[in-house]
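As provided, start-v7.cif (mmCIF, C-alpha atoms) reads as follows.
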```cif
data_model
loop_
_atom_site.label_atom_id
_atom_site.label_comp_id
_atom_site.auth_asym_id
_atom_site.auth_seq_id
_atom_site.Cartn_x
_atom_site.Cartn_y
_atom_site.Cartn_z
CA MET A 1 -1.01 36.98 19.79
CA SER A 2 -1.95 33.87 17.85
CA VAL A 3 -5.18 32.71 16.34
CA VAL A 4 -6.35 29.33 17.66
CA ASP A 5 -9.45 27.21 17.29
CA HIS A 6 -11.37 25.65 20.15
CA ASN A 7 -8.87 22.77 20.36
CA GLY A 8 -5.97 25.13 20.83
CA ILE A 9 -4.42 24.38 17.41
CA ASP A 10 -2.44 27.28 15.99
CA PHE A 11 -3.93 28.46 12.69
CA ALA A 12 -1.31 31.10 11.97
CA PRO A 13 0.25 30.21 8.61
CA ARG A 14 3.99 29.62 8.50
CA ILE A 15 5.64 32.37 6.50
CA SER A 16 8.99 31.30 5.11
CA GLU A 17 12.10 33.34 5.81
CA ALA A 18 14.22 31.04 3.65
CA ASP A 19 16.64 32.93 1.47
CA VAL A 20 18.02 31.98 -1.94
CA SER A 21 21.19 30.69 -0.24
CA ASP A 22 19.09 28.14 1.70
CA TYR A 23 17.67 26.80 -1.54
CA ILE A 24 21.15 26.71 -3.09
CA ALA A 25 22.33 24.67 -0.08
CA LEU A 26 19.52 22.18 -0.83
CA LEU A 27 21.18 21.51 -4.20
CA LYS A 28 24.34 20.15 -2.50
CA PRO A 29 26.69 22.43 -4.48
CA ARG A 30 29.85 20.44 -3.72
CA VAL A 31 28.35 17.20 -5.00
CA MET A 32 26.99 19.18 -7.94
CA SER A 33 30.47 20.43 -8.86
CA LEU A 34 31.78 16.85 -9.11
CA VAL A 35 28.74 15.87 -11.18
CA ILE A 36 29.28 18.82 -13.57
CA PHE A 37 32.96 17.99 -13.91
CA THR A 38 32.49 14.28 -14.63
CA ALA A 39 29.64 15.09 -17.06
CA LEU A 40 31.89 17.61 -18.81
CA VAL A 41 34.46 14.87 -19.33
CA GLY A 42 31.76 12.61 -20.77
CA LEU A 43 30.78 15.41 -23.18
CA VAL A 44 34.33 16.19 -24.26
CA LEU A 45 35.23 12.53 -24.83
CA ALA A 46 32.13 11.88 -26.95
CA PRO A 47 32.95 11.59 -30.65
CA GLY A 48 31.60 13.92 -33.34
CA HIS A 49 30.62 17.56 -33.26
CA PHE A 50 28.26 18.71 -30.54
CA HIS A 51 27.12 22.34 -30.74
CA PRO A 52 28.35 24.37 -27.72
CA VAL A 53 24.82 25.63 -26.96
CA LEU A 54 23.54 22.07 -26.81
CA ALA A 55 26.57 21.03 -24.75
CA PHE A 56 25.85 23.86 -22.30
CA THR A 57 22.16 22.89 -22.19
CA SER A 58 23.07 19.27 -21.45
CA LEU A 59 25.47 20.22 -18.65
CA LEU A 60 22.92 22.61 -17.15
CA CYS A 61 20.18 19.97 -17.18
CA ILE A 62 22.48 17.34 -15.65
CA ALA A 63 23.57 19.83 -12.97
CA VAL A 64 19.99 20.84 -12.16
CA GLY A 65 18.96 17.17 -12.12
CA ALA A 66 21.74 16.45 -9.62
CA GLY A 67 20.62 19.44 -7.53
CA ALA A 68 17.04 18.20 -7.62
CA SER A 69 18.19 14.79 -6.38
CA GLY A 70 20.05 16.51 -3.54
CA ALA A 71 16.98 18.55 -2.56
CA LEU A 72 14.69 15.49 -2.61
CA ASN A 73 17.29 13.53 -0.62
CA MET A 74 17.41 16.27 2.03
CA ALA A 75 13.61 16.41 2.12
CA LEU A 76 13.48 12.69 2.86
CA GLU A 77 16.39 12.63 5.31
CA GLY A 78 15.61 15.63 7.51
CA ASP A 79 15.36 13.38 10.59
CA ILE A 80 18.79 11.82 9.95
CA ASP A 81 20.41 15.16 9.11
CA ALA A 82 19.15 16.68 12.36
CA VAL A 83 21.08 14.23 14.54
CA MET A 84 24.32 14.13 12.55
CA THR A 85 26.98 16.75 13.25
CA ARG A 86 28.02 16.89 9.58
CA THR A 87 24.51 17.66 8.34
CA ALA A 88 22.80 19.42 11.26
CA ASN A 89 23.37 22.80 9.60
CA ARG A 90 21.41 21.93 6.48
CA PRO A 91 18.36 24.10 5.77
CA ILE A 92 15.72 21.56 6.87
CA PRO A 93 17.17 20.66 10.30
CA ARG A 94 17.76 24.37 10.94
CA GLY A 95 14.09 25.04 10.23
CA ARG A 96 14.79 27.39 7.32
CA ILE A 97 12.92 25.25 4.82
CA THR A 98 10.16 22.72 5.48
CA ARG A 99 10.21 19.18 4.16
CA GLY A 100 7.26 19.98 1.89
CA GLU A 101 8.98 23.04 0.44
CA ALA A 102 12.11 21.00 -0.30
CA MET A 103 10.00 18.26 -1.94
CA ALA A 104 8.22 20.82 -4.12
CA PHE A 105 11.51 22.50 -5.02
CA GLY A 106 13.24 19.21 -5.88
CA THR A 107 10.30 17.83 -7.85
CA THR A 108 9.96 21.04 -9.89
CA LEU A 109 13.68 21.13 -10.71
CA ALA A 110 13.72 17.42 -11.61
CA PHE A 111 10.72 17.88 -13.93
CA PHE A 112 12.26 20.88 -15.73
CA ALA A 113 15.73 19.27 -15.99
CA VAL A 114 14.41 16.04 -17.52
CA MET A 115 11.91 17.71 -19.85
CA THR A 116 14.39 20.35 -21.04
CA LEU A 117 17.08 17.73 -21.75
CA GLY A 118 14.53 15.56 -23.55
CA ILE A 119 13.00 18.33 -25.64
CA LEU A 120 16.15 20.28 -26.49
CA VAL A 121 18.76 17.52 -26.74
CA ASN A 122 17.38 13.97 -26.96
CA TRP A 123 14.94 11.75 -25.12
CA PHE A 124 17.44 8.96 -24.48
CA ALA A 125 19.50 11.39 -22.39
CA GLY A 126 16.33 12.79 -20.78
CA ALA A 127 15.16 9.31 -19.82
CA LEU A 128 18.58 8.40 -18.44
CA LEU A 129 18.62 11.58 -16.35
CA ALA A 130 15.14 10.73 -15.03
CA PHE A 131 16.38 7.22 -14.17
CA THR A 132 19.41 8.70 -12.37
CA ILE A 133 17.19 10.93 -10.22
CA PHE A 134 14.78 8.03 -9.57
CA PHE A 135 17.65 5.75 -8.58
CA TYR A 136 19.14 8.26 -6.15
CA VAL A 137 15.87 9.29 -4.54
CA VAL A 138 13.78 6.10 -4.57
CA ILE A 139 16.28 3.23 -4.72
CA TYR A 140 19.07 4.77 -2.64
CA THR A 141 17.43 7.28 -0.29
CA LEU A 142 14.10 5.52 0.34
CA GLY A 143 15.13 1.92 -0.28
CA LEU A 144 18.72 1.26 0.67
CA LYS A 145 20.07 4.00 2.93
CA ARG A 146 18.31 2.93 6.13
CA ARG A 147 18.18 -0.80 5.38
CA THR A 148 21.55 -2.19 4.30
CA ALA A 149 25.27 -1.66 4.77
CA GLN A 150 25.57 -2.02 0.99
CA ASN A 151 23.60 1.25 0.62
CA ILE A 152 26.40 3.30 -0.89
CA VAL A 153 27.72 0.43 -3.03
CA ILE A 154 24.45 0.02 -4.94
CA GLY A 155 23.44 3.68 -4.55
CA GLY A 156 26.78 4.67 -6.04
CA ALA A 157 25.33 3.86 -9.46
CA ALA A 158 23.37 7.12 -9.36
CA GLY A 159 26.51 9.19 -8.81
CA SER A 160 28.27 7.26 -11.57
CA LEU A 161 25.72 8.01 -14.29
CA PRO A 162 26.31 11.75 -15.07
CA PRO A 163 29.17 11.16 -17.58
CA VAL A 164 27.02 8.49 -19.24
CA VAL A 165 24.07 10.91 -19.50
CA ALA A 166 26.42 13.52 -21.00
CA TRP A 167 27.80 11.02 -23.55
CA VAL A 168 24.27 9.98 -24.53
CA ALA A 169 23.29 13.66 -24.82
CA ALA A 170 26.17 14.23 -27.25
CA THR A 171 25.85 11.06 -29.32
CA GLY A 172 22.32 9.76 -28.82
CA SER A 173 23.75 6.30 -28.08
CA LEU A 174 25.81 4.32 -25.59
CA SER A 175 29.35 3.04 -25.96
CA VAL A 176 32.13 1.35 -23.98
CA GLU A 177 33.96 4.58 -23.00
CA PRO A 178 31.14 6.10 -20.89
CA LEU A 179 30.59 2.72 -19.26
CA LEU A 180 34.27 2.71 -18.24
CA LEU A 181 33.76 6.16 -16.70
CA PHE A 182 30.70 4.75 -14.93
CA LEU A 183 32.71 1.83 -13.53
CA ILE A 184 35.52 4.10 -12.31
CA ILE A 185 33.11 6.28 -10.28
CA PHE A 186 31.13 3.21 -9.16
CA PHE A 187 34.19 1.51 -7.65
CA TRP A 188 35.53 4.82 -6.31
CA THR A 189 32.36 5.42 -4.27
CA PRO A 190 32.74 2.71 -1.57
CA PRO A 191 36.33 3.55 -0.50
CA HIS A 192 35.44 7.25 -0.50
CA PHE A 193 32.25 6.98 1.58
CA TRP A 194 33.47 4.21 3.87
CA ALA A 195 36.52 6.35 4.71
CA LEU A 196 34.08 9.12 5.66
CA ALA A 197 31.90 6.65 7.55
CA LEU A 198 34.92 5.37 9.51
CA PHE A 199 35.63 8.73 11.10
CA ARG A 200 31.94 9.63 11.34
CA SER A 201 30.70 6.24 12.55
CA ASP A 202 29.37 7.69 15.84
CA ASP A 203 27.28 10.12 13.82
CA TYR A 204 25.88 7.38 11.61
CA ALA A 205 25.22 5.09 14.60
CA ARG A 206 23.32 7.87 16.40
CA ALA A 207 21.22 8.48 13.30
CA GLY A 208 20.54 4.77 12.87
CA VAL A 209 22.09 4.60 9.40
CA PRO A 210 23.53 1.11 8.85
CA MET A 211 26.84 2.17 7.31
CA LEU A 212 29.43 -0.61 7.08
CA PRO A 213 31.55 0.53 10.10
CA VAL A 214 28.38 0.63 12.24
CA ILE A 215 27.18 -2.83 11.16
CA ALA A 216 30.39 -4.79 10.51
CA GLY A 217 32.88 -2.78 12.55
CA PRO A 218 35.96 -0.75 11.56
CA ASP A 219 38.25 -3.71 10.78
CA ALA A 220 35.87 -5.26 8.24
CA THR A 221 35.39 -1.80 6.73
CA ARG A 222 39.16 -1.29 6.37
CA LEU A 223 39.42 -4.61 4.53
CA GLN A 224 36.52 -3.71 2.24
CA ILE A 225 38.11 -0.32 1.51
CA LEU A 226 41.35 -2.05 0.54
CA LEU A 227 39.61 -4.62 -1.69
CA TYR A 228 37.49 -2.02 -3.46
CA THR A 229 40.57 0.19 -3.94
CA ILE A 230 42.44 -2.68 -5.63
CA VAL A 231 39.50 -3.22 -8.00
CA LEU A 232 39.22 0.55 -8.56
CA VAL A 233 42.90 0.95 -9.47
CA ALA A 234 42.73 -2.01 -11.88
CA ILE A 235 39.55 -0.76 -13.55
CA ALA A 236 40.84 2.81 -13.75
CA ALA A 237 44.03 1.65 -15.48
CA SER A 238 42.32 -0.82 -17.85
CA PRO A 239 41.20 1.70 -20.55
CA TRP A 240 44.86 2.29 -21.47
CA PRO A 241 45.86 -1.30 -22.40
CA LEU A 242 42.39 -1.82 -23.89
CA GLY A 243 43.10 1.10 -26.21
CA TYR A 244 40.21 3.36 -25.20
CA PHE A 245 42.32 6.12 -23.63
CA ASP A 246 45.93 7.08 -24.40
CA TRP A 247 49.21 6.82 -22.54
CA ILE A 248 48.88 10.17 -20.72
CA TYR A 249 45.81 8.77 -18.99
CA GLY A 250 47.52 5.42 -18.46
CA VAL A 251 50.52 6.91 -16.69
CA ALA A 252 48.36 9.27 -14.60
CA SER A 253 45.95 6.50 -13.59
CA LEU A 254 48.84 4.28 -12.46
CA ALA A 255 50.49 7.10 -10.49
CA LEU A 256 47.24 8.22 -8.87
CA GLY A 257 46.24 4.61 -8.30
CA ALA A 258 49.53 3.95 -6.51
CA GLY A 259 48.77 6.88 -4.18
CA MET A 260 45.24 5.66 -3.54
CA LEU A 261 46.42 2.10 -2.90
CA ALA A 262 49.19 3.24 -0.53
CA LEU A 263 46.68 5.24 1.51
CA ALA A 264 44.18 2.34 1.55
CA ILE A 265 46.94 0.00 2.79
CA ASN A 266 47.78 2.59 5.44
CA VAL A 267 44.13 2.66 6.55
CA TYR A 268 44.14 -1.15 6.70
CA ARG A 269 47.30 -1.30 8.80
CA ARG A 270 46.69 1.53 11.28
CA ARG A 271 44.37 0.27 14.01
CA GLU A 272 45.31 2.59 16.88
CA ARG A 273 42.60 5.26 17.29
CA SER A 274 44.44 8.52 16.53
CA GLU A 275 46.68 7.02 13.83
CA SER A 276 43.72 5.28 12.25
CA LEU A 277 41.71 8.52 12.24
CA ARG A 278 44.56 10.37 10.54
CA ALA A 279 45.01 7.65 7.92
CA THR A 280 41.28 7.55 7.17
CA ARG A 281 41.01 11.33 6.79
CA LYS A 282 44.00 11.29 4.42
CA LEU A 283 42.39 8.60 2.26
CA PHE A 284 39.07 10.50 2.22
CA ALA A 285 40.75 13.75 1.13
CA PHE A 286 42.96 12.03 -1.45
CA SER A 287 40.03 10.10 -2.92
CA ILE A 288 38.40 13.40 -3.96
CA LEU A 289 41.65 14.59 -5.54
CA TYR A 290 42.06 11.17 -7.19
CA LEU A 291 38.76 11.33 -9.06
CA PHE A 292 39.20 14.99 -10.06
CA ALA A 293 42.76 14.36 -11.28
CA LEU A 294 41.84 11.18 -13.15
CA PHE A 295 39.04 12.89 -15.05
CA ALA A 296 41.12 16.05 -15.56
CA THR A 297 43.76 13.86 -17.23
CA LEU A 298 41.15 12.69 -19.71
CA LEU A 299 40.40 16.34 -20.54
CA LEU A 300 44.11 17.03 -20.88
CA GLU A 301 44.50 14.06 -23.17
CA VAL A 302 41.77 15.36 -25.50
CA VAL A 303 43.44 18.79 -25.60
CA VAL A 304 46.88 17.28 -26.28
CA ARG A 305 45.45 15.04 -28.99
CA ALA A 306 43.82 18.06 -30.64
CA LEU A 307 46.99 20.16 -30.50
CA LEU A 308 49.50 17.42 -31.27
CA PRO A 309 47.80 14.65 -33.26
CA SER A 310 51.12 12.82 -33.65
CA LEU A 311 51.22 12.14 -29.90
CA GLY A 312 47.87 10.36 -29.97
CA MET B 313 -2.71 35.64 24.37
CA ALA B 314 -4.76 32.97 22.60
CA ILE B 315 -8.17 33.87 21.23
CA THR B 316 -10.90 31.76 19.68
CA MET B 317 -11.93 31.67 16.00
CA SER B 318 -14.92 33.90 16.70
CA ASP B 319 -12.61 36.57 18.08
CA GLN B 320 -10.39 36.76 15.01
CA ARG B 321 -9.21 40.12 13.82
CA PRO B 322 -11.10 41.48 10.79
CA PRO B 323 -9.92 39.77 7.59
CA GLU B 324 -8.87 43.07 6.02
CA ASP B 325 -5.92 43.19 8.42
CA GLY B 326 -4.54 40.09 6.67
CA ILE B 327 -1.13 38.77 7.50
CA VAL B 328 1.54 41.35 8.07
CA LEU B 329 4.97 40.19 6.96
CA THR B 330 8.06 41.08 8.93
CA GLU B 331 10.92 42.87 7.18
CA ALA B 332 12.93 39.63 7.07
CA GLN B 333 10.01 37.77 5.49
CA LYS B 334 9.48 40.53 2.90
CA ARG B 335 13.19 40.58 2.03
CA SER B 336 13.51 36.80 1.68
CA ARG B 337 10.32 36.60 -0.39
CA ARG B 338 11.60 39.33 -2.71
CA ASN B 339 14.94 37.53 -3.11
CA ARG B 340 13.18 34.26 -3.88
CA SER B 341 10.95 35.98 -6.43
CA ILE B 342 13.96 37.53 -8.18
CA ALA B 343 15.76 34.17 -8.27
CA THR B 344 12.64 32.47 -9.70
CA ALA B 345 12.31 35.19 -12.35
CA LEU B 346 15.99 34.84 -13.31
CA ALA B 347 15.66 31.05 -13.57
CA LEU B 348 12.61 31.39 -15.82
CA GLY B 349 14.45 34.00 -17.90
CA VAL B 350 17.38 31.61 -18.37
CA LEU B 351 14.96 28.86 -19.41
CA VAL B 352 13.34 31.13 -22.02
CA LEU B 353 16.76 32.21 -23.36
CA LEU B 354 17.88 28.59 -23.48
CA PHE B 355 14.88 27.52 -25.54
CA PHE B 356 15.37 30.57 -27.80
CA ALA B 357 19.10 29.84 -28.30
CA VAL B 358 18.52 26.16 -29.06
CA THR B 359 15.78 27.10 -31.53
CA LEU B 360 18.29 29.34 -33.31
CA VAL B 361 20.94 26.61 -33.28
CA LYS B 362 18.67 23.87 -34.57
CA GLY B 363 16.74 26.09 -36.96
CA PRO B 364 13.51 24.81 -38.44
CA ALA B 365 14.51 21.28 -37.45
CA VAL B 366 14.28 22.08 -33.76
CA LEU B 367 11.74 19.34 -33.16
CA ASN B 368 13.62 16.77 -35.25
CA ARG B 369 15.67 15.02 -32.60
CA PRO B 370 16.69 11.44 -32.04
CA LEU B 371 14.33 9.51 -29.84
#
```
Can you present the structure in this file as structure tokens?
Amino acid sequence: MSVVDHNGIDFAPRISEADVSDYIALLKPRVMSLVIFTALVGLVLAPGHFHPVLAFTSLLCIAVGAGASGALNMALEGDIDAVMTRTANRPIPRGRITRGEAMAFGTTLAFFAVMTLGILVNWFAGALLAFTIFFYVVIYTLGLKRRTAQNIVIGGAAGSLPPVVAWVAATGSLSVEPLLLFLIIFFWTPPHFWALALFRSDDYARAGVPMLPVIAGPDATRLQILLYTIVLVAIAASPWPLGYFDWIYGVASLALGAGMLALAINVYRRRERSESLRATRKLFAFSILYLFALFATLLLEVVVRALLPSLG
Amino acid sequence: MAITMSDQRPPEDGIVLTEAQKRSRRNRSIATALALGVLVLLFFAVTLVKGPAVLNRPL
């Protein structure tokens, strides 16, 4: 039995059955893990002593800020998520959480993450975290995503900022090293997401998202992937000859870059449907490993330098 | 069956939650309490680390 007014409108309030796991899913945990890892590298590379409690606080705030961005993004993209196979199981399309609940959740987390980082660590880092969230939610999600095929190129800046925020949290200032980390993630983003978009282009087309393969076609996308990969490999290797990172990183970046480039060339050459699909999936999977391994090498280099100063 | 506003059940009945709704609400409440607890501990720990200069931070 339901309670209705004279116009037949249901007045029964909606009582949420959303569980904690639904709210965790709103945070995009897999994206969050990459954000935490790249931010950790930014923290570890930063010069000077940074108290472990403050380092933990910074990482937590950056992680929660990233989660807040994910929740706000899902709140604003419920209609797109509902028609895409990859995202149809998210909490909003499944009806577990309403758009308003996700907005409130994301806004609250964003507020606490920024304020906590500002109050406990420093306001430069807090402001940069606020800018990162703003960029992802307003510039990328609301502004670019549905309007231009360059959405993930420009929007990639938001995903590239976490190591910079971490560096600023540790030092209170900016430097060349975190900007190099920024550039590596920035130029990694297009090949990674366009590889995904190539084998999910039907999904994106159905949802009306103007990803490059939908707008310019698969061949143009393959060329763009190759060009961005060449720039990525060059930028990722540059810190070694420039003297910012040591030879361990240099060798690893060249080896990983060779793998990335070989797979991008493979994607460019394979045009037949099943072969092309296989090549694209390989590049997508390797691109995740590439970024993790590249940043892990930087961690390794710091450890080696601490244990064996003569190798530095 | 739909009924009009004037036929509503007495307000004292209120809204009766299902078991699933009660369970999820309880879980959400516990998670919220834990998150607030972590926040309090975090502020406490940083206060200890920074000492009396806790509010002296670079702008």
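Going from CA of Ala75 in chain A to CA of Ala345 in chain B covers 23.7 Å.
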Name all residues at most 12 Å from Glu331 in chain B (count all atoms listed in the file; drop same-chain ones fewer than 6 positions away) and give them as a PDB file with C-alpha atoms, keeping the file's coordinate frame.
```pdb
ATOM      1  CA  ILE A  15       5.640  32.370   6.500  1.00  0.00           C
ATOM      2  CA  SER A  16       8.990  31.300   5.110  1.00  0.00           C
ATOM      3  CA  GLU A  17      12.100  33.340   5.810  1.00  0.00           C
TER       4      GLU A  17
ATOM      5  CA  ARG B 337      10.320  36.600  -0.390  1.00  0.00           C
ATOM      6  CA  ARG B 338      11.600  39.330  -2.710  1.00  0.00           C
TER       7      ARG B 338
END
```
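Rounded to one decimal, CA of Gly155 in chain A and CA of Tyr140 in chain A lie 4.9 Å from each other.
Between CA of Arg14 in chain A and CA of Ile327 in chain B the interatomic distance comes to 10.5 Å.
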Residue by residue, what does the PyMOL selection byres ((chain B and resi 357) around 12) grab here? Present the result as a PDB file with C-alpha atoms, in the frame of the given file.
```pdb
ATOM      1  CA  HIS A  51      27.120  22.340 -30.740  1.00  0.00           C
ATOM      2  CA  PRO A  52      28.350  24.370 -27.720  1.00  0.00           C
ATOM      3  CA  VAL A  53      24.820  25.630 -26.960  1.00  0.00           C
ATOM      4  CA  LEU A  54      23.540  22.070 -26.810  1.00  0.00           C
ATOM      5  CA  PHE A  56      25.850  23.860 -22.300  1.00  0.00           C
ATOM      6  CA  THR A  57      22.160  22.890 -22.190  1.00  0.00           C
ATOM      7  CA  LEU A 120      16.150  20.280 -26.490  1.00  0.00           C
TER       8      LEU A 120
ATOM      9  CA  VAL B 350      17.380  31.610 -18.370  1.00  0.00           C
ATOM     10  CA  LEU B 351      14.960  28.860 -19.410  1.00  0.00           C
ATOM     11  CA  VAL B 352      13.340  31.130 -22.020  1.00  0.00           C
ATOM     12  CA  LEU B 353      16.760  32.210 -23.360  1.00  0.00           C
ATOM     13  CA  LEU B 354      17.880  28.590 -23.480  1.00  0.00           C
ATOM     14  CA  PHE B 355      14.880  27.520 -25.540  1.00  0.00           C
ATOM     15  CA  PHE B 356      15.370  30.570 -27.800  1.00  0.00           C
ATOM     16  CA  VAL B 358      18.520  26.160 -29.060  1.00  0.00           C
ATOM     17  CA  THR B 359      15.780  27.100 -31.530  1.00  0.00           C
ATOM     18  CA  LEU B 360      18.290  29.340 -33.310  1.00  0.00           C
ATOM     19  CA  VAL B 361      20.940  26.610 -33.280  1.00  0.00           C
ATOM     20  CA  LYS B 362      18.670  23.870 -34.570  1.00  0.00           C
ATOM     21  CA  GLY B 363      16.740  26.090 -36.960  1.00  0.00           C
ATOM     22  CA  VAL B 366      14.280  22.080 -33.760  1.00  0.00           C
TER      23      VAL B 366
END
```
| task | Take the PyMOL selection byres ((chain A and resi 292) around 12), apply it to the structure above, and return the hits as an MDAnalysis selection string. | result | chainID A and resid 33:41 184:185 188 252:253 256 285:291 293:299
Take the residues that were just selected and, keeping C-alpha atoms, output them as a compact mmCIF listing (two decimals), in the frame of the given file.
```
# COMPACT_ATOMS: atom_id res chain seq x y z
CA SER A 33 30.47 20.43 -8.86
CA LEU A 34 31.78 16.85 -9.11
CA VAL A 35 28.74 15.87 -11.18
CA ILE A 36 29.28 18.82 -13.57
CA PHE A 37 32.96 17.99 -13.91
CA THR A 38 32.49 14.28 -14.63
CA ALA A 39 29.64 15.09 -17.06
CA LEU A 40 31.89 17.61 -18.81
CA VAL A 41 34.46 14.87 -19.33
CA ILE A 184 35.52 4.10 -12.31
CA ILE A 185 33.11 6.28 -10.28
CA TRP A 188 35.53 4.82 -6.31
CA ALA A 252 48.36 9.27 -14.60
CA SER A 253 45.95 6.50 -13.59
CA LEU A 256 47.24 8.22 -8.87
CA ALA A 285 40.75 13.75 1.13
CA PHE A 286 42.96 12.03 -1.45
CA SER A 287 40.03 10.10 -2.92
CA ILE A 288 38.40 13.40 -3.96
CA LEU A 289 41.65 14.59 -5.54
CA TYR A 290 42.06 11.17 -7.19
CA LEU A 291 38.76 11.33 -9.06
CA ALA A 293 42.76 14.36 -11.28
CA LEU A 294 41.84 11.18 -13.15
CA PHE A 295 39.04 12.89 -15.05
CA ALA A 296 41.12 16.05 -15.56
CA THR A 297 43.76 13.86 -17.23
CA LEU A 298 41.15 12.69 -19.71
CA LEU A 299 40.40 16.34 -20.54
```
